[in-house]
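entry.csv (CSV, C-alpha atoms and all ligand atoms)
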chain,number,residue,atom,x,y,z
Y,1,ILE,CA,32.1,119.5,60.8
Y,2,LYS,CA,33.1,116.5,62.9
Y,3,PRO,CA,30.9,113.4,62.9
Y,4,CYS,CA,29.1,112.8,66.2
Y,5,ILE,CA,31.0,109.9,68.0
Y,6,ALA,CA,27.9,108.8,69.9
Y,7,GLN,CA,26.7,106.6,67.1
Y,8,LYS,CA,27.2,102.9,66.7
Y,9,GLU,CA,28.7,103.0,63.2
Y,10,VAL,CA,31.1,105.9,64.0
Y,11,THR,CA,32.2,104.2,67.2
Y,12,LEU,CA,32.8,100.8,65.5
Y,13,HIS,CA,34.6,102.5,62.7
Y,14,ILE,CA,37.0,104.3,65.1
Y,15,LEU,CA,37.7,101.1,67.1
Y,16,LYS,CA,38.3,99.2,63.9
Y,17,THR,CA,40.6,101.9,62.4
Y,18,PHE,CA,42.8,101.9,65.5
Y,19,GLY,CA,42.5,98.1,66.1
Y,20,ILE,CA,41.3,98.5,69.6
Y,21,HIS,CA,39.6,95.8,71.6
Y,22,MET,CA,37.7,97.2,74.6
Y,23,SER,CA,39.0,96.3,78.0
Y,24,LYS,CA,36.4,94.7,80.3
Y,25,LYS,CA,38.8,95.1,83.2
Y,26,LEU,CA,38.9,98.9,82.8
Y,27,GLY,CA,35.1,99.1,82.6
Y,28,GLN,CA,35.1,100.1,78.9
Y,29,ASN,CA,31.5,100.4,77.8
Y,30,PHE,CA,31.3,103.3,75.3
Y,31,LEU,CA,28.1,105.3,74.7
Y,32,ILE,CA,26.5,105.1,71.3
Y,33,ASP,CA,23.3,106.9,72.0
Y,34,ASN,CA,23.5,110.6,71.4
Y,35,ASN,CA,20.3,111.3,73.3
Y,36,VAL,CA,21.9,109.9,76.4
Y,37,VAL,CA,25.1,112.0,75.8
Y,38,ALA,CA,23.0,115.1,75.2
Y,39,GLY,CA,21.0,114.3,78.4
Y,40,ILE,CA,24.2,114.1,80.5
Y,41,VAL,CA,25.4,117.5,79.1
Y,42,SER,CA,22.1,119.0,79.8
Y,43,ALA,CA,21.9,117.6,83.3
Y,44,ALA,CA,25.2,119.2,84.0
Y,45,ASN,CA,23.9,122.5,82.7
Y,46,VAL,CA,27.3,123.2,81.1
Y,47,CYS,CA,27.9,126.8,80.1
Y,48,GLU,CA,30.4,128.4,77.8
Y,49,GLY,CA,33.9,128.6,79.2
Y,50,GLU,CA,33.0,126.6,82.3
Y,51,PRO,CA,35.7,124.2,83.7
Y,52,VAL,CA,34.7,120.5,83.5
Y,53,LEU,CA,36.6,117.5,84.6
Y,54,GLU,CA,35.8,114.3,82.7
Y,55,ILE,CA,36.9,110.9,84.0
Y,56,GLY,CA,37.5,108.2,81.5
Y,57,PRO,CA,36.9,109.9,78.1
Y,58,GLY,CA,37.3,106.6,76.2
Y,59,ILE,CA,37.3,107.6,72.5
Y,60,GLY,CA,36.0,111.0,73.3
Y,61,THR,CA,32.2,110.5,73.0
Y,62,LEU,CA,31.1,112.6,75.9
Y,63,THR,CA,34.2,114.8,75.7
Y,64,GLN,CA,33.1,115.9,72.2
Y,65,ALA,CA,29.6,116.9,73.4
Y,66,LEU,CA,31.1,118.8,76.4
Y,67,ALA,CA,33.5,120.6,74.0
Y,68,GLU,CA,30.7,121.5,71.6
Y,69,ALA,CA,28.8,122.9,74.6
Y,70,GLY,CA,31.7,125.2,75.1
Y,71,ALA,CA,33.1,123.7,78.3
Y,72,GLU,CA,36.8,123.9,79.2
Y,73,VAL,CA,37.4,120.2,79.4
Y,74,THR,CA,40.1,118.4,81.3
Y,75,ALA,CA,39.8,114.6,80.6
Y,76,VAL,CA,41.7,112.0,82.5
Y,77,GLU,CA,42.1,108.6,80.8
Y,78,LEU,CA,44.0,105.6,82.2
Y,79,ASP,CA,44.2,103.5,79.0
Y,80,ARG,CA,47.3,104.6,77.2
Y,81,ARG,CA,46.0,103.0,74.0
Y,82,LEU,CA,43.2,105.5,73.8
Y,83,LEU,CA,45.4,108.6,73.9
Y,84,GLU,CA,46.3,108.4,70.2
Y,85,ILE,CA,42.6,108.0,69.3
Y,86,LEU,CA,41.6,110.9,71.5
Y,87,GLY,CA,44.2,113.1,69.8
Y,88,ARG,CA,42.4,112.3,66.5
Y,89,THR,CA,38.8,112.3,67.5
Y,90,LEU,CA,39.1,115.6,69.4
Y,91,GLU,CA,41.4,117.2,67.0
Y,92,GLY,CA,40.4,120.8,66.4
Y,93,TYR,CA,38.8,121.4,69.8
Y,94,ASN,CA,41.1,123.8,71.5
Y,95,ASN,CA,39.0,123.7,74.7
Y,96,VAL,CA,40.0,120.1,75.5
Y,97,ARG,CA,43.0,118.8,77.4
Y,98,VAL,CA,43.6,115.1,77.8
Y,99,ILE,CA,45.7,113.7,80.6
Y,100,HIS,CA,47.0,110.2,80.9
Y,101,GLY,CA,46.6,108.9,84.4
Y,102,ASP,CA,44.6,107.1,87.0
Y,103,ILE,CA,41.9,109.3,88.5
Y,104,LEU,CA,42.4,107.6,91.9
Y,105,LYS,CA,46.1,108.4,92.0
Y,106,ILE,CA,46.7,111.7,90.3
Y,107,ASP,CA,46.9,115.0,92.2
Y,108,ILE,CA,43.5,116.4,90.9
Y,109,SER,CA,44.0,119.9,92.2
Y,110,ARG,CA,47.3,120.2,90.2
Y,111,GLU,CA,45.6,119.1,87.0
Y,112,ILE,CA,42.5,121.3,87.3
Y,113,ASN,CA,43.5,124.3,89.4
Y,114,LYS,CA,40.1,126.1,89.4
Y,115,GLU,CA,38.1,127.7,92.1
Y,116,LYS,CA,35.0,125.7,91.1
Y,117,TYR,CA,34.4,123.0,88.5
Y,118,LYS,CA,32.0,120.3,87.5
Y,119,VAL,CA,32.7,116.6,87.2
Y,120,VAL,CA,30.9,114.9,84.3
Y,121,ALA,CA,31.6,111.3,83.5
Y,122,ASN,CA,30.4,107.9,82.3
Y,123,LEU,CA,32.3,106.2,85.0
Y,124,PRO,CA,34.1,102.8,84.9
Y,125,TYR,CA,31.8,100.7,87.0
Y,126,TYR,CA,34.5,98.8,88.9
Y,127,ILE,CA,35.5,101.9,90.8
Y,128,THR,CA,32.4,104.2,90.8
Y,129,THR,CA,32.1,104.6,94.5
Y,130,PRO,CA,35.8,105.2,95.3
Y,131,ILE,CA,35.9,107.8,92.6
Y,132,ILE,CA,32.9,109.7,93.8
Y,133,MET,CA,33.9,109.5,97.5
Y,134,LYS,CA,37.4,110.7,96.6
Y,135,PHE,CA,36.1,114.0,95.3
Y,136,LEU,CA,33.7,114.4,98.2
Y,137,GLU,CA,36.1,113.4,101.1
Y,138,GLU,CA,39.0,115.4,99.7
Y,139,ARG,CA,36.6,118.3,99.5
Y,140,GLN,CA,37.7,119.1,95.9
Y,141,PRO,CA,36.1,122.4,94.8
Y,142,VAL,CA,33.4,120.6,92.8
Y,143,GLU,CA,30.0,122.1,92.7
Y,144,LEU,CA,28.3,119.4,90.7
Y,145,LEU,CA,28.9,115.7,89.8
Y,146,VAL,CA,26.9,114.3,86.9
Y,147,THR,CA,27.8,110.7,86.4
Y,148,MET,CA,26.6,107.5,84.8
Y,149,VAL,CA,26.6,104.7,87.3
Y,150,GLN,CA,24.9,101.3,87.7
Y,151,LYS,CA,21.2,101.8,88.4
Y,152,GLU,CA,21.6,99.9,91.8
Y,153,VAL,CA,24.3,102.2,92.9
Y,154,ALA,CA,22.3,105.3,92.0
Y,155,GLN,CA,19.3,103.9,94.0
Y,156,ARG,CA,21.6,103.4,97.0
Y,157,MET,CA,22.9,106.9,96.7
Y,158,VAL,CA,19.4,108.5,96.8
Y,159,ALA,CA,17.8,106.0,99.2
Y,160,LYS,CA,15.9,107.3,102.3
Y,161,PRO,CA,15.9,105.5,105.7
Y,162,GLY,CA,13.8,102.4,106.0
Y,163,GLY,CA,14.5,100.5,102.8
Y,164,LYS,CA,17.1,97.9,101.8
Y,165,ASP,CA,18.9,100.3,99.6
Y,166,TYR,CA,19.7,102.7,102.5
Y,167,GLY,CA,23.3,102.2,103.8
Y,168,SER,CA,26.5,104.0,104.5
Y,169,LEU,CA,26.8,105.1,100.8
Y,170,SER,CA,23.4,106.8,101.1
Y,171,VAL,CA,24.4,108.6,104.2
Y,172,ALA,CA,27.8,109.7,102.9
Y,173,VAL,CA,26.6,110.9,99.6
Y,174,GLN,CA,23.6,112.7,101.2
Y,175,TYR,CA,25.8,114.3,103.8
Y,176,TYR,CA,28.1,115.9,101.2
Y,177,THR,CA,25.5,116.4,98.3
Y,178,GLU,CA,21.9,116.5,97.2
Y,179,PRO,CA,21.7,113.6,94.9
Y,180,GLU,CA,19.0,113.0,92.3
Y,181,ILE,CA,18.5,110.4,89.6
Y,182,MET,CA,18.1,112.2,86.3
Y,183,PHE,CA,17.2,109.2,84.0
Y,184,ILE,CA,17.7,105.5,83.5
Y,185,VAL,CA,19.8,104.2,80.7
Y,186,PRO,CA,19.3,100.8,79.1
Y,187,PRO,CA,22.2,98.5,78.2
Y,188,GLN,CA,21.6,99.1,74.5
Y,189,ALA,CA,23.0,102.6,74.8
Y,190,PHE,CA,26.5,101.2,75.1
Y,191,ILE,CA,29.0,99.0,73.2
Y,192,PRO,CA,29.5,96.4,74.5
Y,193,LYS,CA,26.2,96.2,76.4
Y,194,PRO,CA,26.7,96.0,80.1
Y,195,ALA,CA,24.8,93.3,82.0
Y,196,VAL,CA,22.9,95.8,84.1
Y,197,GLU,CA,20.9,98.9,83.7
Y,198,SER,CA,22.5,102.3,84.3
Y,199,ALA,CA,21.4,105.7,85.6
Y,200,VAL,CA,22.6,109.2,85.3
Y,201,ILE,CA,22.9,110.7,88.8
Y,202,ARG,CA,23.3,114.4,89.6
Y,203,CYS,CA,24.9,115.2,92.9
Y,204,THR,CA,24.8,118.9,93.8
Y,205,VAL,CA,27.5,119.5,96.4
Y,206,ARG,CA,26.3,121.2,99.6
Y,207,THR,CA,27.8,124.4,100.6
Y,208,VAL,CA,26.3,124.0,104.2
Y,209,PRO,CA,26.3,120.6,105.8
Y,210,PRO,CA,22.8,119.2,106.4
Y,211,VAL,CA,23.6,118.4,110.1
Y,212,GLU,CA,25.9,120.1,112.7
Y,213,LEU,CA,28.7,117.8,113.8
Y,214,VAL,CA,31.2,118.1,116.6
Y,215,SER,CA,33.4,115.6,114.7
Y,216,GLU,CA,32.9,114.4,111.2
Y,217,LYS,CA,35.2,111.5,111.9
Y,218,MET,CA,33.0,110.4,114.7
Y,219,PHE,CA,29.9,110.7,112.5
Y,220,PHE,CA,31.3,108.3,109.9
Y,221,ARG,CA,32.5,106.0,112.7
Y,222,VAL,CA,28.9,105.7,114.0
Y,223,VAL,CA,27.5,105.2,110.5
Y,224,LYS,CA,30.0,102.5,109.7
Y,225,ALA,CA,29.3,100.7,113.0
Y,226,ALA,CA,25.5,100.9,112.5
Y,227,PHE,CA,25.7,99.3,109.1
Y,228,ALA,CA,28.6,96.9,109.7
Y,229,GLN,CA,26.2,94.1,110.4
Y,230,ARG,CA,22.8,95.0,109.1
Y,231,ARG,CA,21.0,92.5,111.3
Y,232,LYS,CA,22.4,93.8,114.5
Y,233,THR,CA,20.6,96.4,116.5
Y,234,LEU,CA,22.1,99.8,116.8
Y,235,ALA,CA,23.2,99.2,120.4
Y,236,ASN,CA,25.1,96.0,119.4
Y,237,GLY,CA,26.7,97.8,116.5
Y,238,LEU,CA,27.9,100.6,118.7
Y,239,LYS,CA,29.3,98.2,121.3
Y,240,SER,CA,31.3,96.5,118.6
Y,241,ALA,CA,32.7,99.9,117.7
Y,242,GLY,CA,34.1,100.3,121.1
Y,243,LEU,CA,31.5,101.8,123.4
Y,244,SER,CA,31.2,100.3,126.9
Y,245,LYS,CA,27.7,99.4,128.3
Y,246,GLU,CA,27.6,102.6,130.5
Y,247,GLU,CA,28.8,104.9,127.7
Y,248,LEU,CA,26.3,103.4,125.3
Y,249,GLU,CA,23.4,104.1,127.7
Y,250,GLN,CA,24.7,107.6,128.2
Y,251,VAL,CA,25.0,108.2,124.4
Y,252,LEU,CA,21.6,106.8,123.5
Y,253,THR,CA,19.9,108.7,126.3
Y,254,GLN,CA,21.5,112.0,125.3
Y,255,ALA,CA,20.7,111.4,121.7
Y,256,GLN,CA,17.2,110.2,122.6
Y,257,ILE,CA,17.4,107.1,120.4
Y,258,ASP,CA,16.2,103.6,121.1
Y,259,GLY,CA,19.2,101.2,120.9
Y,260,GLY,CA,16.9,98.5,119.6
Y,261,ARG,CA,16.5,100.2,116.3
Y,262,ARG,CA,18.6,99.3,113.3
Y,263,GLY,CA,21.0,101.5,111.4
Y,264,GLU,CA,18.9,101.3,108.2
Y,265,GLN,CA,16.1,103.2,110.1
Y,266,LEU,CA,18.1,106.2,111.2
Y,267,SER,CA,18.1,109.5,109.5
Y,268,LEU,CA,21.2,111.7,109.0
Y,269,ALA,CA,20.0,113.9,112.0
Y,270,GLU,CA,19.8,110.8,114.2
Y,271,PHE,CA,23.3,109.6,113.3
Y,272,ALA,CA,24.5,113.1,114.0
Y,273,ALA,CA,22.8,113.1,117.4
Y,274,ILE,CA,24.5,109.8,118.4
Y,275,ALA,CA,27.9,111.0,117.0
Y,276,ASN,CA,27.7,114.3,118.9
Y,277,ALA,CA,26.7,112.6,122.2
Y,278,TRP,CA,29.6,110.2,121.8
Y,279,SER,CA,32.0,113.0,120.9
Y,280,LYS,CA,31.0,114.8,124.2
Y,281,ILE,CA,31.9,111.7,126.2
Y,282,VAL,CA,35.4,111.3,124.7
Y,283,SER,CA,36.3,115.0,124.8
Y,301,LIG,N1,33.4,108.4,78.3
Y,301,LIG,C1,33.4,107.3,77.4
Y,301,LIG,C2,31.9,107.0,76.9
Y,301,LIG,O1,31.0,107.6,77.5
Y,301,LIG,O2,31.7,106.3,75.9
Y,301,LIG,C3,33.9,106.0,78.0
Y,301,LIG,C4,33.3,105.6,79.3
Y,301,LIG,S1,33.9,104.0,79.9
Y,301,LIG,C5,32.5,103.5,80.8
Y,301,LIG,C6,35.0,104.3,81.2
Y,301,LIG,C7,36.4,104.9,80.8
Y,301,LIG,O3,37.2,105.1,81.9
Y,301,LIG,C8,37.2,104.0,79.9
Y,301,LIG,O4,37.7,104.7,78.8
Y,301,LIG,C9,38.3,103.5,80.8
Y,301,LIG,O5,39.5,103.2,80.1
Y,301,LIG,C10,38.5,104.7,81.7
Y,301,LIG,N2,39.1,104.4,83.0
Y,301,LIG,C11,39.0,103.2,83.7
Y,301,LIG,N3,39.6,103.3,84.9
Y,301,LIG,C12,40.1,104.6,85.0
Y,301,LIG,C13,40.9,105.3,86.0
Y,301,LIG,N4,41.2,104.7,87.1
Y,301,LIG,N5,41.2,106.6,85.7
Y,301,LIG,C14,40.9,107.2,84.6
Y,301,LIG,N6,40.1,106.5,83.6
Y,301,LIG,C15,39.8,105.3,83.8
In structure tokens, write the structure found in this file.
Amino acid sequence: IKPCIAQKEVTLHILKTFGIHMSKKLGQNFLIDNNVVAGIVSAANVCEGEPVLEIGPGIGTLTQALAEAGAEVTAVELDRRLLEILGRTLEGYNNVRVIHGDILKIDISREINKEKYKVVANLPYYITTPIIMKFLEERQPVELLVTMVQKEVAQRMVAKPGGKDYGSLSVAVQYYTEPEIMFIVPPQAFIPKPAVESAVIRCTVRTVPPVELVSEKMFFRVVKAAFAQRRKTLANGLKSAGLSKEELEQVLTQAQIDGGRRGEQLSLAEFAAIANAWSKIVS
């Protein structure tokens, strides 16, 4: 029986044995609380034989729990120093494959060539958003993403219109998925302790988009323009994005939206109405 890695003493022992100093630059905060690890696996509802992609396995803490749950794990780690450790800590699990690479650069579909899979990760915080958006924008065949992120980022992902947390990240994540915060994780759950609180977020990828769009590109152009300068009105934001005064009037009338409102007050459906009205003008 292998010792559970998600414990302070075991983690420190592994790091000492291999003489590893954790890299702040690579966002290395390793989990040492097994309740949190078990909570992540349970949030992902991992079943026997199910393909799971893990980003940044570190010394194999979450990987071990996923393997114990019976998942077919593909884990991508950037830090070459950790590969030797992973070979040892995960020795004997024949349902784990570790790949050396940068998750933002590798050809994901080549590494995990499955019809559907889940992403489960304690993400490096310096690139949380680019990683999540990469999977969504590339339309990787992911059904579920369960990831540890900074609490503030999680709050922005689930935010509804009207509050300060609502922005282009909220719209994008909610366009592609149904996000929910599963639980909050205190700094003490990691070594070293991060400066901020964290949260486990579960994003269930939508099979049908929540709004009908003429052009997805136009939708995101409108969203970007609306949030580019938060103090600006929607009308001013759209003008900066290239709409003439006449076009702007036409678009807002058609979409039935008051140009004096601000981006942070608009729902996905309202952004879609603007984008679709604009698409009609340019087509
Ligand atoms: N999964 C481990 C845990 O829960 O204890 C480690 C999580 S730690 C927050 C993030 C891990 O991601 C580190 O092992 C780090 O080296 C790795 N990492 C950082 N940037 C990466 C990248 N671009 N691609 C793949 N892994 C990366």
Legend entry - Env. residues ligand LIG 301 (chain Y) / 8 Å / all atoms listed in the file / as a VMD selection string: chain Y and resid 6 23 26 to 32 37 54 to 63 76 to 79 82 100 to 105 121 to 127 190
Legend entry - Atom-to-atom span, atom CA of Y:Leu15 and atom CA of Y:Pro3, Å: 14.7 Å
Long-range neighbours of Y:Val96 as a PDB file with C-alpha atoms, keeping the file's coordinate frame, 10 Å cut-off, only C-alpha atoms, 5 positions minimum in chain:
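Once written, out.pdb looks like this:
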ATOM      1  CA  VAL Y  52      34.700 120.500  83.500  1.00  0.00           C
ATOM      2  CA  THR Y  63      34.200 114.800  75.700  1.00  0.00           C
ATOM      3  CA  GLN Y  64      33.100 115.900  72.200  1.00  0.00           C
ATOM      4  CA  LEU Y  66      31.100 118.800  76.400  1.00  0.00           C
ATOM      5  CA  ALA Y  67      33.500 120.600  74.000  1.00  0.00           C
ATOM      6  CA  GLY Y  70      31.700 125.200  75.100  1.00  0.00           C
ATOM      7  CA  ALA Y  71      33.100 123.700  78.300  1.00  0.00           C
ATOM      8  CA  GLU Y  72      36.800 123.900  79.200  1.00  0.00           C
ATOM      9  CA  VAL Y  73      37.400 120.200  79.400  1.00  0.00           C
ATOM     10  CA  THR Y  74      40.100 118.400  81.300  1.00  0.00           C
ATOM     11  CA  ALA Y  75      39.800 114.600  80.600  1.00  0.00           C
ATOM     12  CA  GLY Y  87      44.200 113.100  69.800  1.00  0.00           C
ATOM     13  CA  LEU Y  90      39.100 115.600  69.400  1.00  0.00           C
ATOM     14  CA  GLU Y  91      41.400 117.200  67.000  1.00  0.00           C
TER      15      GLU Y  91
END
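Interatomic distance, atom CA of Y:Lys245 to atom CA of Y:Val171: 26.0 Å.
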Inset, instruction - Within 8 Å of stretch 201-206 of chain Y, counting all atoms listed in the file, which residues show up once you throw out same-chain ones fewer than 2 positions away? Write them as a PyMOL selection string, please. - result: chain Y and resi 43-44+142-149+154+176-183+199+208-210
Legend entry - Long-range neighbours of Y:Arg156 as number ranges by chain, 10 Å cut-off, all atoms listed in the file, 5 positions minimum in chain: Y: 151, 163-171, 173
Inset, instruction - State, in Å with one decimal place, the distance from atom CA of Y:Pro51 to atom CA of Y:Tyr117. - result: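 Value for the atom CA of Y:Pro51-atom CA of Y:Tyr117 distance: 5.1 Å.
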Legend entry - Selected residue, from Y:Met157, Y:Val36, Y:Leu268, Y:Glu111, that lies nearest to Y:Ile132 when counting all atoms listed in the file: Y:Met157
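Distances here use only C-alpha atoms; by that measure, the residue among Y:Pro187, Y:Gly19, Y:Pro141, Y:Gly49 closest to Y:Glu84 is Y:Gly19.
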Legend entry - Proximity to Y:Gln174 - best of Y:Leu12, Y:Arg81, Y:Lys193, Y:Val211, only C-alpha atoms: Y:Val211
Inset, instruction - Write out as a list of chain:residue names the residues lying within 9 Å of Y:Gly237, counting only C-alpha atoms and excluding same-chain residues fewer than 5 positions away. - result: Y:Val222, Y:Lys224, Y:Ala225, Y:Ala226, Y:Phe227, Y:Ala228, Y:Gln229, Y:Arg230, Y:Lys232, Y:Arg262, Y:Gly263
